Amino acid sequence: MSTEYPELRGKRVRRLWFVDDDTLTAFFVEFEDNTRARFDLKAAVTFERAPEMCRIAKNGNLGDWRNLKTQRLAPHES
């Protein structure tokens, strides 16, 4: 999917910033004419297993999952 914003074309950017907290994830653009644009972001996480890791029944259900080893990771620090 692609979206264009023709009304922003040609505007000069004064400031860019990104907000990511418990209530909002967004990218902000402030222009020299004192207008702003805000782009709200939504993240999605999907989990997929390759067909060779489990059996797929004719009805689409997954079965006979192979156990995978897990490894704990250290928390990410920014």
# chains A, B, ... in the order shown; residues from 1 in each chain; ligands from 1

$ residues_around --residues "Ala26 of chain A" --least-positions-apart "6" --cutoff "12 Å" --atoms "only C-alpha atoms" --output "ChimeraX atom specification"
/A:16-20,37-43

$ residues_around --residues "segment 2-11 of chain A" --least-positions-apart "5" --cutoff "9 Å" --atoms "only C-alpha atoms" --output "PyMOL selection string"
chain A and resi 31-33+37
